[in-house]
Amino acid sequence: SKVLAIHQGRCILDDENVSKQELVKQEADYYLEGSHVPYSYQCLTIKDNTLIGSSGIDESNSNGYFILWPQNVSKLCREICLSLKKKHNLKKLAVISVDSHCTPLRSGVTGISTGFFCLEPVRAYRGRPDIFGLKLRYTSSNVGDTISAMAVLEMGESDECTPILIMRGYKDIEFCGYDTWQNFAIDPSQDLYKRLLAPFDIQDV
């Protein structure tokens, strides 16, 4: 995600003329005031249908800059994916943009996808039997974020200098030729945690 942001020039010098708080509000789709958040250095936001601290704005490994989230991420992933497929004559390739985020009620960060192309991000188990032969009614597996979590774990969080991970040989990835991000995102009013999202004052939550 950071590489894509730098590519797009989404970097703002951290000086006395720039307020991170204002940047966070400017970048957020929904913003929770600081009084609701226990740490003064983070603000809770929703951006690009993702619950993320401070609109994803990063100050680590940035050399004095605020690095914002990239824009039109899935479109950018599409451009990269199609270019690589053509250059290397590949039939099956997906590109995922990843970033780290906090999981509620857990310490530490894990990876999450911020956009992708050519990937079916959800594997549905509805209708399949469990080990006792009962048909599953709701279960599905979040492939996109599971791969992202593994990628962030491998890439590291400090000075590892590993901005890209190539994954090969995993047989259960379903490739496609179109943008599936919109089908992946859940409307807040339909989310299991919608009551916890109520402080954001999202319409219909």
# chains A, B, ... in the order shown; residues from 1 in each chain; ligands from 1
>>> closest_atom_pairs(of="region 58-111 of chain A", to="region 4-26 of chain A", cutoff="7 Å", atoms="only C-alpha atoms", output="tab-separated table")
residue	atom	partner	partner_atom	distance
A:Gly64	CA	A:Asp14	CA	5.6
A:Tyr65	CA	A:Leu13	CA	4.4
A:Phe66	CA	A:Ile12	CA	5.1
A:Ile67	CA	A:Cys11	CA	4.6
A:Leu68	CA	A:Arg10	CA	5.4
A:Trp69	CA	A:Ala5	CA	5.8
A:Pro70	CA	A:Ala5	CA	4.2
>>> select_by_dssp(residues="region 29-87 of chain A", states="alpha helix (DSSP H)", output="PyMOL selection string")
chain A and resi 73-87
>>> closest_residue(among="A:Met155, A:Leu192, A:Leu119, A:Leu51", to="Ser74 (chain A)", atoms="only C-alpha atoms")
A:Leu119
>>> select_by_dssp(residues="region 4-171 of chain A", states="strand (DSSP E or B)", output="ChimeraX atom specification")
/A:11-13,30-31,44-47,50-53,58,65-67,95-102,109-117,119,122-124,129,135,140-142
>>> closest_atom_pairs(of="region 42-72 of chain A", to="region 28-31 of chain A", cutoff="12 Å", atoms="only C-alpha atoms", output="CSV")
residue,atom,partner,partner_atom,distance
A:Gln42,CA,A:Tyr31,CA,11.3
A:Cys43,CA,A:Tyr31,CA,7.6
A:Leu44,CA,A:Tyr31,CA,6.4
A:Thr45,CA,A:Tyr31,CA,4.6
A:Ile46,CA,A:Tyr30,CA,5.1
A:Lys47,CA,A:Asp29,CA,5.0
A:Asp48,CA,A:Asp29,CA,7.2
A:Asn49,CA,A:Asp29,CA,8.3
A:Thr50,CA,A:Asp29,CA,9.6
A:Leu51,CA,A:Tyr30,CA,9.4
A:Ile52,CA,A:Ala28,CA,9.4
A:Gly53,CA,A:Tyr31,CA,9.8
A:Ser54,CA,A:Ala28,CA,7.8
A:Ser55,CA,A:Ala28,CA,5.3
A:Gly56,CA,A:Ala28,CA,8.9
A:Ile57,CA,A:Ala28,CA,9.9
A:Leu68,CA,A:Ala28,CA,10.6
A:Trp69,CA,A:Ala28,CA,10.2
>>> atom_distance(atom1="CA of Ser83 (chain A)", atom2="CA of Val95 (chain A)")
11.0 Å
>>> closest_residue(among="A:Val143, A:Cys102, A:Ile131, A:Leu136", to="Phe116 (chain A)", atoms="only C-alpha atoms")
A:Val143
>>> closest_residue(among="A:Ala149, A:Pro121, A:Met167, A:Gly133", to="Thr103 (chain A)", atoms="only C-alpha atoms")
A:Ala149
>>> atom_distance(atom1="CA of Asp145 (chain A)", atom2="CA of Pro188 (chain A)")
18.0 Å
>>> residues_around(residues="region 123-129 of chain A", least_positions_apart="2", cutoff="6 Å", atoms="only C-alpha atoms", output="list in words")
Gly133, Leu134, Lys135, Leu136, Arg137, Tyr138, Thr139, Ser140 and Ser141 of chain A
>>> decode(residues="region 144-158 of chain A", atoms="all heavy atoms", output="PDB file, in the first residue's frame")
ATOM      1  N   GLY A 144      -9.037 -12.836   0.654  1.00  0.00           N
ATOM      2  CA  GLY A 144      -8.241 -11.633   0.414  1.00  0.00           C
ATOM      3  C   GLY A 144      -7.489 -11.150   1.640  1.00  0.00           C
ATOM      4  O   GLY A 144      -6.288 -10.869   1.582  1.00  0.00           O
ATOM      5  N   ASP A 145      -8.175 -11.072   2.783  1.00  0.00           N
ATOM      6  CA  ASP A 145      -7.529 -10.586   3.998  1.00  0.00           C
ATOM      7  C   ASP A 145      -6.626 -11.647   4.626  1.00  0.00           C
ATOM      8  O   ASP A 145      -5.651 -11.312   5.304  1.00  0.00           O
ATOM      9  CB  ASP A 145      -8.574 -10.113   5.010  1.00  0.00           C
ATOM     10  CG  ASP A 145      -9.205  -8.794   4.609  1.00  0.00           C
ATOM     11  OD1 ASP A 145      -8.592  -8.064   3.814  1.00  0.00           O
ATOM     12  OD2 ASP A 145     -10.310  -8.490   5.098  1.00  0.00           O
ATOM     13  N   THR A 146      -6.954 -12.929   4.431  1.00  0.00           N
ATOM     14  CA  THR A 146      -6.094 -13.989   4.963  1.00  0.00           C
ATOM     15  C   THR A 146      -4.735 -13.968   4.269  1.00  0.00           C
ATOM     16  O   THR A 146      -3.687 -14.071   4.922  1.00  0.00           O
ATOM     17  CB  THR A 146      -6.768 -15.362   4.776  1.00  0.00           C
ATOM     18  OG1 THR A 146      -8.026 -15.364   5.437  1.00  0.00           O
ATOM     19  CG2 THR A 146      -5.907 -16.466   5.344  1.00  0.00           C
ATOM     20  N   ILE A 147      -4.739 -13.821   2.961  1.00  0.00           N
ATOM     21  CA  ILE A 147      -3.477 -13.706   2.219  1.00  0.00           C
ATOM     22  C   ILE A 147      -2.738 -12.440   2.645  1.00  0.00           C
ATOM     23  O   ILE A 147      -1.511 -12.443   2.818  1.00  0.00           O
ATOM     24  CB  ILE A 147      -3.743 -13.696   0.708  1.00  0.00           C
ATOM     25  CG1 ILE A 147      -4.296 -15.051   0.258  1.00  0.00           C
ATOM     26  CG2 ILE A 147      -2.470 -13.352  -0.068  1.00  0.00           C
ATOM     27  CD1 ILE A 147      -4.754 -15.077  -1.176  1.00  0.00           C
ATOM     28  N   SER A 148      -3.473 -11.356   2.851  1.00  0.00           N
ATOM     29  CA  SER A 148      -2.855 -10.087   3.243  1.00  0.00           C
ATOM     30  C   SER A 148      -2.186 -10.193   4.603  1.00  0.00           C
ATOM     31  O   SER A 148      -1.098  -9.647   4.818  1.00  0.00           O
ATOM     32  CB  SER A 148      -3.908  -8.974   3.266  1.00  0.00           C
ATOM     33  OG  SER A 148      -4.501  -8.805   2.003  1.00  0.00           O
ATOM     34  N   ALA A 149      -2.832 -10.899   5.542  1.00  0.00           N
ATOM     35  CA  ALA A 149      -2.259 -11.078   6.874  1.00  0.00           C
ATOM     36  C   ALA A 149      -0.942 -11.844   6.787  1.00  0.00           C
ATOM     37  O   ALA A 149       0.045 -11.502   7.442  1.00  0.00           O
ATOM     38  CB  ALA A 149      -3.243 -11.801   7.785  1.00  0.00           C
ATOM     39  N   MET A 150      -0.915 -12.888   5.968  1.00  0.00           N
ATOM     40  CA  MET A 150       0.308 -13.657   5.789  1.00  0.00           C
ATOM     41  C   MET A 150       1.403 -12.799   5.152  1.00  0.00           C
ATOM     42  O   MET A 150       2.569 -12.843   5.540  1.00  0.00           O
ATOM     43  CB  MET A 150       0.044 -14.874   4.923  1.00  0.00           C
ATOM     44  CG  MET A 150       1.242 -15.773   4.727  1.00  0.00           C
ATOM     45  SD  MET A 150       1.042 -16.881   3.323  1.00  0.00           S
ATOM     46  CE  MET A 150       1.006 -15.706   1.976  1.00  0.00           C
ATOM     47  N   ALA A 151       1.009 -11.992   4.162  1.00  0.00           N
ATOM     48  CA  ALA A 151       1.975 -11.150   3.466  1.00  0.00           C
ATOM     49  C   ALA A 151       2.617 -10.131   4.410  1.00  0.00           C
ATOM     50  O   ALA A 151       3.839  -9.938   4.396  1.00  0.00           O
ATOM     51  CB  ALA A 151       1.293 -10.432   2.295  1.00  0.00           C
ATOM     52  N   VAL A 152       1.806  -9.469   5.234  1.00  0.00           N
ATOM     53  CA  VAL A 152       2.333  -8.474   6.169  1.00  0.00           C
ATOM     54  C   VAL A 152       3.249  -9.132   7.196  1.00  0.00           C
ATOM     55  O   VAL A 152       4.284  -8.564   7.581  1.00  0.00           O
ATOM     56  CB  VAL A 152       1.174  -7.707   6.849  1.00  0.00           C
ATOM     57  CG1 VAL A 152       1.676  -6.899   8.034  1.00  0.00           C
ATOM     58  CG2 VAL A 152       0.479  -6.795   5.838  1.00  0.00           C
ATOM     59  N   LEU A 153       2.889 -10.335   7.628  1.00  0.00           N
ATOM     60  CA  LEU A 153       3.754 -11.061   8.566  1.00  0.00           C
ATOM     61  C   LEU A 153       5.125 -11.323   7.939  1.00  0.00           C
ATOM     62  O   LEU A 153       6.163 -11.155   8.593  1.00  0.00           O
ATOM     63  CB  LEU A 153       3.098 -12.387   8.961  1.00  0.00           C
ATOM     64  CG  LEU A 153       3.879 -13.262   9.937  1.00  0.00           C
ATOM     65  CD1 LEU A 153       4.000 -12.574  11.299  1.00  0.00           C
ATOM     66  CD2 LEU A 153       3.213 -14.619  10.095  1.00  0.00           C
ATOM     67  N   GLU A 154       5.157 -11.695   6.676  1.00  0.00           N
ATOM     68  CA  GLU A 154       6.410 -11.983   5.989  1.00  0.00           C
ATOM     69  C   GLU A 154       7.194 -10.706   5.667  1.00  0.00           C
ATOM     70  O   GLU A 154       8.423 -10.694   5.731  1.00  0.00           O
ATOM     71  CB  GLU A 154       6.142 -12.759   4.694  1.00  0.00           C
ATOM     72  CG  GLU A 154       5.699 -14.190   4.907  1.00  0.00           C
ATOM     73  CD  GLU A 154       6.818 -15.054   5.471  1.00  0.00           C
ATOM     74  OE1 GLU A 154       7.954 -14.945   4.993  1.00  0.00           O
ATOM     75  OE2 GLU A 154       6.549 -15.824   6.413  1.00  0.00           O
ATOM     76  N   MET A 155       6.489  -9.645   5.323  1.00  0.00           N
ATOM     77  CA  MET A 155       7.166  -8.409   4.918  1.00  0.00           C
ATOM     78  C   MET A 155       7.728  -7.642   6.106  1.00  0.00           C
ATOM     79  O   MET A 155       8.723  -6.939   5.973  1.00  0.00           O
ATOM     80  CB  MET A 155       6.202  -7.522   4.117  1.00  0.00           C
ATOM     81  CG  MET A 155       5.888  -8.072   2.739  1.00  0.00           C
ATOM     82  SD  MET A 155       4.957  -6.934   1.683  1.00  0.00           S
ATOM     83  CE  MET A 155       3.391  -6.877   2.525  1.00  0.00           C
ATOM     84  N   GLY A 156       7.091  -7.762   7.279  1.00  0.00           N
ATOM     85  CA  GLY A 156       7.596  -7.089   8.468  1.00  0.00           C
ATOM     86  C   GLY A 156       7.069  -5.681   8.626  1.00  0.00           C
ATOM     87  O   GLY A 156       6.380  -5.146   7.757  1.00  0.00           O
ATOM     88  N   GLU A 157       7.429  -5.058   9.751  1.00  0.00           N
ATOM     89  CA  GLU A 157       6.880  -3.755  10.114  1.00  0.00           C
ATOM     90  C   GLU A 157       7.942  -2.675  10.344  1.00  0.00           C
ATOM     91  O   GLU A 157       7.596  -1.531  10.570  1.00  0.00           O
ATOM     92  CB  GLU A 157       6.042  -3.890  11.395  1.00  0.00           C
ATOM     93  CG  GLU A 157       4.771  -4.699  11.241  1.00  0.00           C
ATOM     94  CD  GLU A 157       3.711  -3.980  10.434  1.00  0.00           C
ATOM     95  OE1 GLU A 157       3.786  -2.744  10.295  1.00  0.00           O
ATOM     96  OE2 GLU A 157       2.807  -4.664   9.920  1.00  0.00           O
ATOM     97  N   SER A 158       9.239  -3.031  10.303  1.00  0.00           N
ATOM     98  CA  SER A 158      10.242  -2.008  10.642  1.00  0.00           C
ATOM     99  C   SER A 158      11.250  -1.814   9.517  1.00  0.00           C
ATOM    100  O   SER A 158      10.948  -1.163   8.526  1.00  0.00           O
ATOM    101  CB  SER A 158      10.945  -2.369  11.960  1.00  0.00           C
ATOM    102  OG  SER A 158      11.569  -3.640  11.875  1.00  0.00           O
TER     103      SER A 158
END
